[in-house]
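Student: Shown below is the structure under consideration.
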2 protein chains.
Amino acid sequence: MSERKGNLMSVRSDVKVLDATIRDGGLCNNFEFTDEFVTELYKSNIKSGVDYMEFGYKASKTLFDPSKFGKWKFCNEEDIRAIVGDNVSDMKIAVMADVGRCDFKTDFLPKSESVIDMVRVACYIHQIPAAVEMIEYFHQLGYETTCNIMAISQANTDQVEEALTMLCQSHVDVIYLVDSYGSLYPENAAKLAKQYLQFADEYGKKIGFHGHNNQNLAFANTIETMSYGVSYLDATAMGMGRGAGNCAMELLLGFLKNPKYSLYSLLTFVENYMIPLKQSGVVWGYDLQYMLTGQLNRHPREAMAFTADERSDYCEFYKSLLDNF
Amino acid sequence: MSERKGNLMSVRSDVKVLDATIRDGGLCNNFEFTDEFVTELYKSNIKSGVDYMEFGYKASKTLFDPSKFGKWKFCNEEDIRAIVGDNVSDMKIAVMADVGRCDFKTDFLPKSESVIDMVRVACYIHQIPAAVEMIEYFHQLGYETTCNIMAISQANTDQVEEALTMLCQSHVDVIYLVDSYGSLYPENAAKLAKQYLQFADEYGKKIGFHGHNNQNLAFANTIETMSYGVSYLDATAMGMGRGAGNCAMELLLGFLKNPKYSLYSLLTFVENYMIPLKQSGVVWGYDLQYMLTGQLNRHPREAMAFTADERSDYCEFYKSLLDNF
């Protein structure tokens, strides 16, 4: 058993906080954020000491019709620059590229011509070879890269080991443990994190954590895995994200001891932009239907349909989940 | 460092689940539950395998005017019996008695004449001598007893050690670690739990945990402390409880592996009674103002006033908390 790094009072200067509000939150509103919203979040993140801000996906315009989504599903260079200019700040800009849903060979400029700093490659565990191809390409272009292995709670231990071996032999900078189904408990999240960290320490990689709040554990799992050495931490304003949402940035910034992080400007943003967004009818966050899919370690799609249909027959829903195991 | 007891797959047959919905939830609605609500919760708890159901407080009728509160603030014997008869079930009945707010020498029957099984004595750490007096009295009457040391996040390590020494020399059965302010993180909750368990193991006592959800950690702290040997676990339906509320029973029952626990009947109760209760305007649960008092390790009273006033100026509220440190 590896030991905890630091304690509840110490500053962990290796920690990097990544705001994924526009990217994961965009899944709740079809990426239709106003420019004002994104600009104010950008400013707020800088003031709060956030290390990376993820602007959205670089999705394929062949697979997805740009007229049917907000622009942050595509993250055109000029759209990001319209918000950040040349990004004269210490905060870095990230975008996500999904394996199989991204035209990566045509849609990325060389880093020297782009305001983007980091490309996060998201994949399921069987897609690691495809992810490695993309990572090597982005690395050659000059970007920092991550590999976000999704739905890790459904992978088996051998698969995880093979995936980590392949990634550690690549040029990836950060490997993310992603609890897509919100089904990990702190105890098994920590166990997985230790497995990742063992590889990371040997090969000089960093490890990140991205949680979902199906069982109200996104924040708990984030700080638990962090305590063993995970250093890239994803969070979103008010936990905005698909289904039950993510680790809330306000919980995370309130927890971290590094004085560079400040809760106050985030609270201002939450009060002025997030609460009105919720009140306007955009739905996310912990609810019983997401708890049930999390407990059963399955994709939240049925819970999302239950939510969209405004159902409240939780017992029938639970029975239907058990019937379709 | 003590080791975890069992793992995420194992049945911990020493675990006892206590439903505190009426008692802690009663703080949200002045204990004004209908008899139907309490009866259905009682039946649901039995079907779900809950081990103890707490019916409310045994508050002093000298200090509190019975006409101004629902009956579960006082838990008259006949009121409990009107719901449970002679309680022909395996589930035990608990009530809470606050140090200094209870006429314990006049308001309790001998256990042989009462349907109550357990009296939980709640106190702050400086009140331990008064708590011990009550515990010995209730023990003499024939009741199981607990001591719930509240606001433990504000006690210092020496105080905790002295309190545990005094309690271990009493006849108390269970000592509860109570995170009244919702300010403990899993890491320090576990550390405190290990301190409690060291005493408990030596003196043959059991340890319980009662969480509050200010930082969305009530469930996480419950299962984390449990993993080291805490065995009495408090939860409430939908987390109903003062301020940010408690550990949600549905999260806990979904987690426990003992087949005696069943989520289904609880879901039925939640659907038929808890959701309508929320919709009727009774307010509890995680919200930013409670997060802030939890992060600052202080009593939620200011956050409760903020909620009651239906304020949403979180930044002003945060500044006022920092001004009054």
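Quick note on naming: the chains in the structure tokens go A, B, ... in the order shown, residues restart at 1 in each chain, and ligands are numbered from 1 in order of appearance.
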Any chance you could lay chain B over chain A, fitting all C-alpha atoms in order by least squares, and write the moved chain as a tab-separated table (two decimals) with C-alpha atoms, in the first residue's frame?
Tutor:
```tsv
chain	number	residue	atom	x	y	z
B	1	MET	CA	-0.01	-0.01	-0.01
B	2	SER	CA	1.46	3.31	-1.04
B	3	GLU	CA	1.25	6.11	1.51
B	4	ARG	CA	-0.66	9.36	1.32
B	5	LYS	CA	1.28	12.31	-0.05
B	6	GLY	CA	1.09	15.23	2.33
B	7	ASN	CA	-1.83	15.67	4.69
B	8	LEU	CA	-4.94	17.80	5.04
B	9	MET	CA	-2.91	20.90	5.92
B	10	SER	CA	-0.18	20.69	3.33
B	11	VAL	CA	0.10	22.40	-0.06
B	12	ARG	CA	0.47	19.93	-2.90
B	13	SER	CA	2.24	22.08	-5.48
B	14	ASP	CA	2.05	19.27	-8.05
B	15	VAL	CA	-1.75	19.57	-8.17
B	16	LYS	CA	-3.35	21.02	-11.32
B	17	VAL	CA	-7.04	21.91	-11.36
B	18	LEU	CA	-8.90	21.60	-14.66
B	19	ASP	CA	-12.26	23.28	-15.20
B	20	ALA	CA	-14.41	21.11	-17.50
B	21	THR	CA	-17.63	23.15	-17.19
B	22	ILE	CA	-18.02	23.97	-20.88
B	23	ARG	CA	-17.01	20.51	-22.08
B	24	ASP	CA	-18.83	18.17	-19.68
B	25	GLY	CA	-21.51	20.77	-18.88
B	26	GLY	CA	-22.03	21.25	-22.62
B	27	LEU	CA	-23.49	17.74	-22.68
B	28	CYS	CA	-26.42	19.17	-20.66
B	29	ASN	CA	-27.29	22.11	-22.93
B	30	ASN	CA	-26.05	21.01	-26.35
B	31	PHE	CA	-22.99	23.28	-25.88
B	32	GLU	CA	-25.19	26.34	-26.22
B	33	PHE	CA	-23.43	28.72	-23.85
B	34	THR	CA	-23.45	32.44	-24.57
B	35	ASP	CA	-20.14	34.15	-25.30
B	36	GLU	CA	-20.69	36.22	-22.18
B	37	PHE	CA	-21.00	33.06	-20.06
B	38	VAL	CA	-17.81	31.56	-21.47
B	39	THR	CA	-15.89	34.85	-21.19
B	40	GLU	CA	-16.92	35.36	-17.57
B	41	LEU	CA	-16.05	31.75	-16.71
B	42	TYR	CA	-12.65	32.23	-18.37
B	43	LYS	CA	-11.98	35.37	-16.30
B	44	SER	CA	-13.28	33.73	-13.14
B	45	ASN	CA	-11.07	30.67	-13.65
B	46	ILE	CA	-8.00	32.86	-14.02
B	47	LYS	CA	-8.83	34.76	-10.83
B	48	SER	CA	-9.54	31.51	-8.97
B	49	GLY	CA	-6.15	30.07	-9.87
B	50	VAL	CA	-7.54	27.27	-12.07
B	51	ASP	CA	-4.68	25.68	-14.05
B	52	TYR	CA	-6.49	24.46	-17.18
B	53	MET	CA	-9.81	25.39	-18.74
B	54	GLU	CA	-11.34	22.91	-21.14
B	55	PHE	CA	-13.37	24.69	-23.82
B	56	GLY	CA	-15.16	21.74	-25.35
B	57	TYR	CA	-14.76	18.98	-27.90
B	58	LYS	CA	-13.03	18.97	-31.24
B	59	ALA	CA	-15.80	16.84	-32.74
B	60	SER	CA	-15.86	15.71	-36.35
B	61	LYS	CA	-17.94	17.98	-38.59
B	62	THR	CA	-18.50	15.00	-40.84
B	63	LEU	CA	-20.14	12.99	-38.09
B	64	PHE	CA	-21.89	15.92	-36.37
B	65	ASP	CA	-23.73	18.71	-38.13
B	66	PRO	CA	-22.37	22.03	-36.78
B	67	SER	CA	-25.77	23.69	-37.27
B	68	LYS	CA	-27.24	21.32	-34.67
B	69	PHE	CA	-24.85	22.03	-31.78
B	70	GLY	CA	-23.34	24.97	-29.98
B	71	LYS	CA	-19.87	25.89	-31.16
B	72	TRP	CA	-18.07	24.38	-28.18
B	73	LYS	CA	-18.67	20.92	-29.57
B	74	PHE	CA	-16.18	21.87	-32.28
B	75	CYS	CA	-13.89	24.45	-30.66
B	76	ASN	CA	-12.76	26.24	-33.79
B	77	GLU	CA	-9.54	28.12	-33.20
B	78	GLU	CA	-11.21	31.45	-33.98
B	79	ASP	CA	-14.05	30.78	-31.53
B	80	ILE	CA	-11.63	30.16	-28.68
B	81	ARG	CA	-9.57	33.22	-29.65
B	82	ALA	CA	-12.75	35.33	-29.66
B	83	ILE	CA	-12.94	34.62	-25.93
B	84	VAL	CA	-9.31	34.46	-24.85
B	85	GLY	CA	-7.39	36.50	-27.45
B	86	ASP	CA	-3.84	35.18	-27.18
B	87	ASN	CA	-4.64	33.97	-23.64
B	88	VAL	CA	-2.22	36.25	-21.82
B	89	SER	CA	-2.53	34.33	-18.55
B	90	ASP	CA	-0.95	31.46	-16.67
B	91	MET	CA	-4.03	29.32	-17.26
B	92	LYS	CA	-3.75	26.80	-20.05
B	93	ILE	CA	-6.43	25.95	-22.61
B	94	ALA	CA	-7.55	22.37	-23.19
B	95	VAL	CA	-9.89	20.67	-25.65
B	96	MET	CA	-11.13	17.10	-25.81
B	97	ALA	CA	-10.89	14.76	-28.79
B	98	ASP	CA	-12.88	11.51	-28.71
B	99	VAL	CA	-11.39	8.46	-30.37
B	100	GLY	CA	-13.50	7.71	-33.44
B	101	ARG	CA	-15.48	10.96	-33.30
B	102	CYS	CA	-12.80	13.44	-34.33
B	103	ASP	CA	-11.04	14.29	-37.61
B	104	PHE	CA	-7.77	14.76	-35.84
B	105	LYS	CA	-5.56	14.85	-38.92
B	106	THR	CA	-7.39	17.83	-40.42
B	107	ASP	CA	-8.84	19.75	-37.47
B	108	PHE	CA	-5.73	20.63	-35.47
B	109	LEU	CA	-3.18	23.36	-36.17
B	110	PRO	CA	0.41	22.98	-35.03
B	111	LYS	CA	0.67	24.16	-31.43
B	112	SER	CA	2.82	27.11	-32.58
B	113	GLU	CA	-0.22	28.49	-34.43
B	114	SER	CA	-2.85	27.61	-31.82
B	115	VAL	CA	-3.93	29.08	-28.51
B	116	ILE	CA	-4.74	25.55	-27.33
B	117	ASP	CA	-2.17	24.04	-24.95
B	118	MET	CA	-3.48	20.57	-24.23
B	119	VAL	CA	-5.45	17.95	-26.12
B	120	ARG	CA	-7.27	15.38	-24.01
B	121	VAL	CA	-7.90	12.14	-25.86
B	122	ALA	CA	-10.95	10.29	-24.53
B	123	CYS	CA	-11.43	6.60	-25.21
B	124	TYR	CA	-12.78	3.34	-23.86
B	125	ILE	CA	-10.19	0.84	-22.77
B	126	HIS	CA	-10.38	-1.26	-25.96
B	127	GLN	CA	-9.55	1.86	-27.98
B	128	ILE	CA	-6.14	2.47	-26.43
B	129	PRO	CA	-4.22	1.70	-29.65
B	130	ALA	CA	-6.30	4.31	-31.52
B	131	ALA	CA	-5.79	6.73	-28.63
B	132	VAL	CA	-2.03	6.23	-28.73
B	133	GLU	CA	-2.00	7.03	-32.45
B	134	MET	CA	-3.79	10.32	-31.74
B	135	ILE	CA	-1.60	11.11	-28.74
B	136	GLU	CA	1.57	10.67	-30.82
B	137	TYR	CA	0.13	12.90	-33.53
B	138	PHE	CA	-0.82	15.66	-31.07
B	139	HIS	CA	2.54	15.33	-29.33
B	140	GLN	CA	4.29	15.81	-32.68
B	141	LEU	CA	2.20	18.93	-33.26
B	142	GLY	CA	3.57	20.26	-29.97
B	143	TYR	CA	0.61	19.83	-27.60
B	144	GLU	CA	0.51	18.52	-24.07
B	145	THR	CA	-1.64	15.38	-24.13
B	146	THR	CA	-3.77	13.32	-21.80
B	147	CYS	CA	-5.49	10.02	-22.23
B	148	ASN	CA	-8.85	9.82	-20.46
B	149	ILE	CA	-9.77	6.16	-20.17
B	150	MET	CA	-13.51	6.23	-19.63
B	151	ALA	CA	-15.82	3.78	-17.84
B	152	ILE	CA	-12.89	2.32	-15.93
B	153	SER	CA	-15.26	0.68	-13.45
B	154	GLN	CA	-16.18	-1.84	-16.14
B	155	ALA	CA	-12.62	-2.72	-17.15
B	156	ASN	CA	-10.89	-5.67	-15.58
B	157	THR	CA	-7.58	-5.50	-13.76
B	158	ASP	CA	-5.60	-7.17	-16.57
B	159	GLN	CA	-6.97	-4.77	-19.17
B	160	VAL	CA	-6.05	-1.80	-17.01
B	161	GLU	CA	-2.50	-3.08	-16.65
B	162	GLU	CA	-2.14	-3.58	-20.40
B	163	ALA	CA	-3.58	-0.14	-21.14
B	164	LEU	CA	-1.23	1.52	-18.67
B	165	THR	CA	1.75	-0.31	-20.16
B	166	MET	CA	0.87	0.90	-23.67
B	167	LEU	CA	0.28	4.47	-22.54
B	168	CYS	CA	3.45	4.62	-20.50
B	169	GLN	CA	5.40	3.69	-23.62
B	170	SER	CA	3.77	6.60	-25.51
B	171	HIS	CA	4.47	10.33	-25.24
B	172	VAL	CA	1.29	10.99	-23.26
B	173	ASP	CA	1.79	13.42	-20.36
B	174	VAL	CA	-1.20	12.62	-18.16
B	175	ILE	CA	-3.31	9.46	-17.79
B	176	TYR	CA	-6.80	10.01	-16.41
B	177	LEU	CA	-8.82	7.65	-14.32
B	178	VAL	CA	-12.41	8.39	-15.38
B	179	ASP	CA	-15.35	7.14	-13.31
B	180	SER	CA	-17.88	7.69	-16.10
B	181	TYR	CA	-20.64	5.77	-14.35
B	182	GLY	CA	-20.11	7.29	-10.91
B	183	SER	CA	-19.91	3.80	-9.51
B	184	LEU	CA	-16.54	3.84	-7.77
B	185	TYR	CA	-16.33	4.12	-3.99
B	186	PRO	CA	-13.39	5.94	-2.41
B	187	GLU	CA	-11.91	2.58	-1.47
B	188	ASN	CA	-11.76	1.20	-5.02
B	189	ALA	CA	-11.04	4.58	-6.60
B	190	ALA	CA	-7.97	4.75	-4.33
B	191	LYS	CA	-6.96	1.21	-5.25
B	192	LEU	CA	-7.15	1.99	-8.97
B	193	ALA	CA	-5.32	5.27	-8.45
B	194	LYS	CA	-2.48	3.43	-6.75
B	195	GLN	CA	-2.25	1.05	-9.70
B	196	TYR	CA	-2.08	4.02	-12.11
B	197	LEU	CA	0.45	5.82	-9.92
B	198	GLN	CA	2.76	2.83	-9.81
B	199	PHE	CA	3.08	3.00	-13.60
B	200	ALA	CA	3.23	6.79	-13.60
B	201	ASP	CA	6.07	6.92	-11.11
B	202	GLU	CA	8.09	4.46	-13.14
B	203	TYR	CA	7.58	6.19	-16.49
B	204	GLY	CA	7.41	9.84	-15.46
B	205	LYS	CA	3.72	10.33	-16.24
B	206	LYS	CA	1.12	12.23	-14.22
B	207	ILE	CA	-2.26	10.79	-13.17
B	208	GLY	CA	-5.60	12.62	-13.27
B	209	PHE	CA	-9.07	11.89	-11.88
B	210	HIS	CA	-12.45	12.74	-13.39
B	211	GLY	CA	-15.44	11.79	-11.26
B	212	HIS	CA	-19.19	11.63	-11.69
B	213	ASN	CA	-21.58	12.31	-8.86
B	214	ASN	CA	-24.08	9.47	-9.21
B	215	GLN	CA	-23.50	8.34	-5.64
B	216	ASN	CA	-22.56	11.76	-4.25
B	217	LEU	CA	-18.94	10.65	-4.32
B	218	ALA	CA	-17.35	12.75	-7.09
B	219	PHE	CA	-15.66	15.13	-4.64
B	220	ALA	CA	-14.82	12.39	-2.13
B	221	ASN	CA	-13.20	10.24	-4.83
B	222	THR	CA	-11.30	13.24	-6.18
B	223	ILE	CA	-9.68	14.13	-2.86
B	224	GLU	CA	-9.18	10.49	-1.91
B	225	THR	CA	-7.28	9.66	-5.12
B	226	MET	CA	-5.43	12.98	-4.83
B	227	SER	CA	-4.25	12.04	-1.35
B	228	TYR	CA	-2.29	9.11	-2.84
B	229	GLY	CA	-0.65	11.22	-5.55
B	230	VAL	CA	-3.17	11.87	-8.32
B	231	SER	CA	-2.40	15.45	-9.39
B	232	TYR	CA	-4.69	16.46	-12.30
B	233	LEU	CA	-8.13	17.11	-10.87
B	234	ASP	CA	-11.20	17.77	-13.01
B	235	ALA	CA	-14.08	19.81	-11.63
B	236	THR	CA	-16.92	21.96	-12.95
B	237	ALA	CA	-18.81	24.96	-11.62
B	238	MET	CA	-21.69	23.64	-9.48
B	239	GLY	CA	-20.73	20.17	-10.69
B	240	MET	CA	-22.36	20.82	-14.09
B	241	GLY	CA	-21.92	17.76	-16.27
B	242	ARG	CA	-23.74	14.91	-17.90
B	243	GLY	CA	-26.34	13.20	-15.73
B	244	ALA	CA	-25.40	13.45	-12.08
B	245	GLY	CA	-22.60	15.85	-12.97
B	246	ASN	CA	-19.00	16.07	-11.80
B	247	CYS	CA	-16.94	17.11	-8.82
B	248	ALA	CA	-18.05	20.65	-7.92
B	249	MET	CA	-15.27	23.20	-8.36
B	250	GLU	CA	-16.42	25.12	-5.29
B	251	LEU	CA	-15.97	22.02	-3.12
B	252	LEU	CA	-12.52	21.40	-4.58
B	253	LEU	CA	-11.25	24.99	-4.31
B	254	GLY	CA	-12.57	25.16	-0.74
B	255	PHE	CA	-10.56	22.04	0.07
B	256	LEU	CA	-7.20	22.79	-1.55
B	257	LYS	CA	-4.69	24.50	0.73
B	258	ASN	CA	-2.53	26.15	-1.94
B	259	PRO	CA	-3.18	29.91	-1.53
B	260	LYS	CA	-3.15	30.31	-5.32
B	261	TYR	CA	-6.69	28.89	-5.36
B	262	SER	CA	-9.48	31.26	-4.43
B	263	LEU	CA	-13.13	30.44	-3.95
B	264	TYR	CA	-14.46	33.97	-4.01
B	265	SER	CA	-14.42	34.76	-7.72
B	266	LEU	CA	-15.91	31.35	-8.49
B	267	LEU	CA	-18.77	32.08	-6.07
B	268	THR	CA	-19.41	35.32	-7.95
B	269	PHE	CA	-19.60	33.40	-11.21
B	270	VAL	CA	-21.86	30.77	-9.70
B	271	GLU	CA	-24.20	33.41	-8.30
B	272	ASN	CA	-24.37	35.41	-11.53
B	273	TYR	CA	-24.28	32.67	-14.16
B	274	MET	CA	-24.70	29.13	-12.84
B	275	ILE	CA	-27.78	29.67	-10.67
B	276	PRO	CA	-29.59	31.50	-13.51
B	277	LEU	CA	-28.56	28.70	-15.88
B	278	LYS	CA	-30.16	26.12	-13.57
B	279	GLN	CA	-33.21	28.31	-13.16
B	280	SER	CA	-33.51	28.55	-16.95
B	281	GLY	CA	-34.19	24.81	-17.00
B	282	VAL	CA	-30.84	23.19	-17.77
B	283	VAL	CA	-30.83	19.99	-15.69
B	284	TRP	CA	-27.91	18.21	-14.06
B	285	GLY	CA	-26.88	16.87	-10.70
B	286	TYR	CA	-27.36	14.08	-8.20
B	287	ASP	CA	-30.76	12.41	-8.30
B	288	LEU	CA	-32.12	8.99	-7.47
B	289	GLN	CA	-32.18	7.64	-11.04
B	290	TYR	CA	-28.45	8.40	-11.41
B	291	MET	CA	-27.74	6.88	-8.02
B	292	LEU	CA	-29.35	3.66	-9.20
B	293	THR	CA	-27.30	3.39	-12.42
B	294	GLY	CA	-24.19	4.25	-10.41
B	295	GLN	CA	-24.89	1.56	-7.84
B	296	LEU	CA	-25.43	-0.93	-10.65
B	297	ASN	CA	-22.25	0.21	-12.48
B	298	ARG	CA	-23.88	0.99	-15.77
B	299	HIS	CA	-24.11	3.78	-18.33
B	300	PRO	CA	-26.47	6.58	-17.23
B	301	ARG	CA	-28.36	6.59	-20.54
B	302	GLU	CA	-31.53	5.07	-19.07
B	303	ALA	CA	-31.40	7.55	-16.17
B	304	MET	CA	-30.95	10.42	-18.63
B	305	ALA	CA	-34.03	9.27	-20.55
B	306	PHE	CA	-35.94	9.00	-17.25
B	307	THR	CA	-34.92	12.58	-16.46
B	308	ALA	CA	-35.78	13.86	-19.93
B	309	ASP	CA	-39.22	12.28	-19.65
B	310	GLU	CA	-39.69	14.02	-16.26
B	311	ARG	CA	-40.62	10.70	-14.70
B	312	SER	CA	-40.75	10.18	-10.96
B	313	ASP	CA	-41.69	6.49	-10.76
B	314	TYR	CA	-38.36	5.49	-9.27
B	315	CYS	CA	-39.52	2.02	-8.26
B	316	GLU	CA	-40.62	1.11	-11.77
B	317	PHE	CA	-37.35	2.50	-13.08
B	318	TYR	CA	-35.35	0.43	-10.61
B	319	LYS	CA	-37.24	-2.72	-11.55
B	320	SER	CA	-36.59	-2.05	-15.25
B	321	LEU	CA	-32.87	-1.70	-14.54
B	322	LEU	CA	-32.85	-5.01	-12.69
B	323	ASP	CA	-34.81	-6.66	-15.49
B	324	ASN	CA	-32.26	-5.55	-18.09
B	325	PHE	CA	-29.09	-6.55	-16.33
```
Student: Enumerate the residues of stretch 68-188 of chain B with a DSSP assignment of alpha helix (DSSP H), computed from the backbone, and present them as a ChimeraX atom specification.
Tutor: /B:77-84,104-107,128-141,157-168,186-188
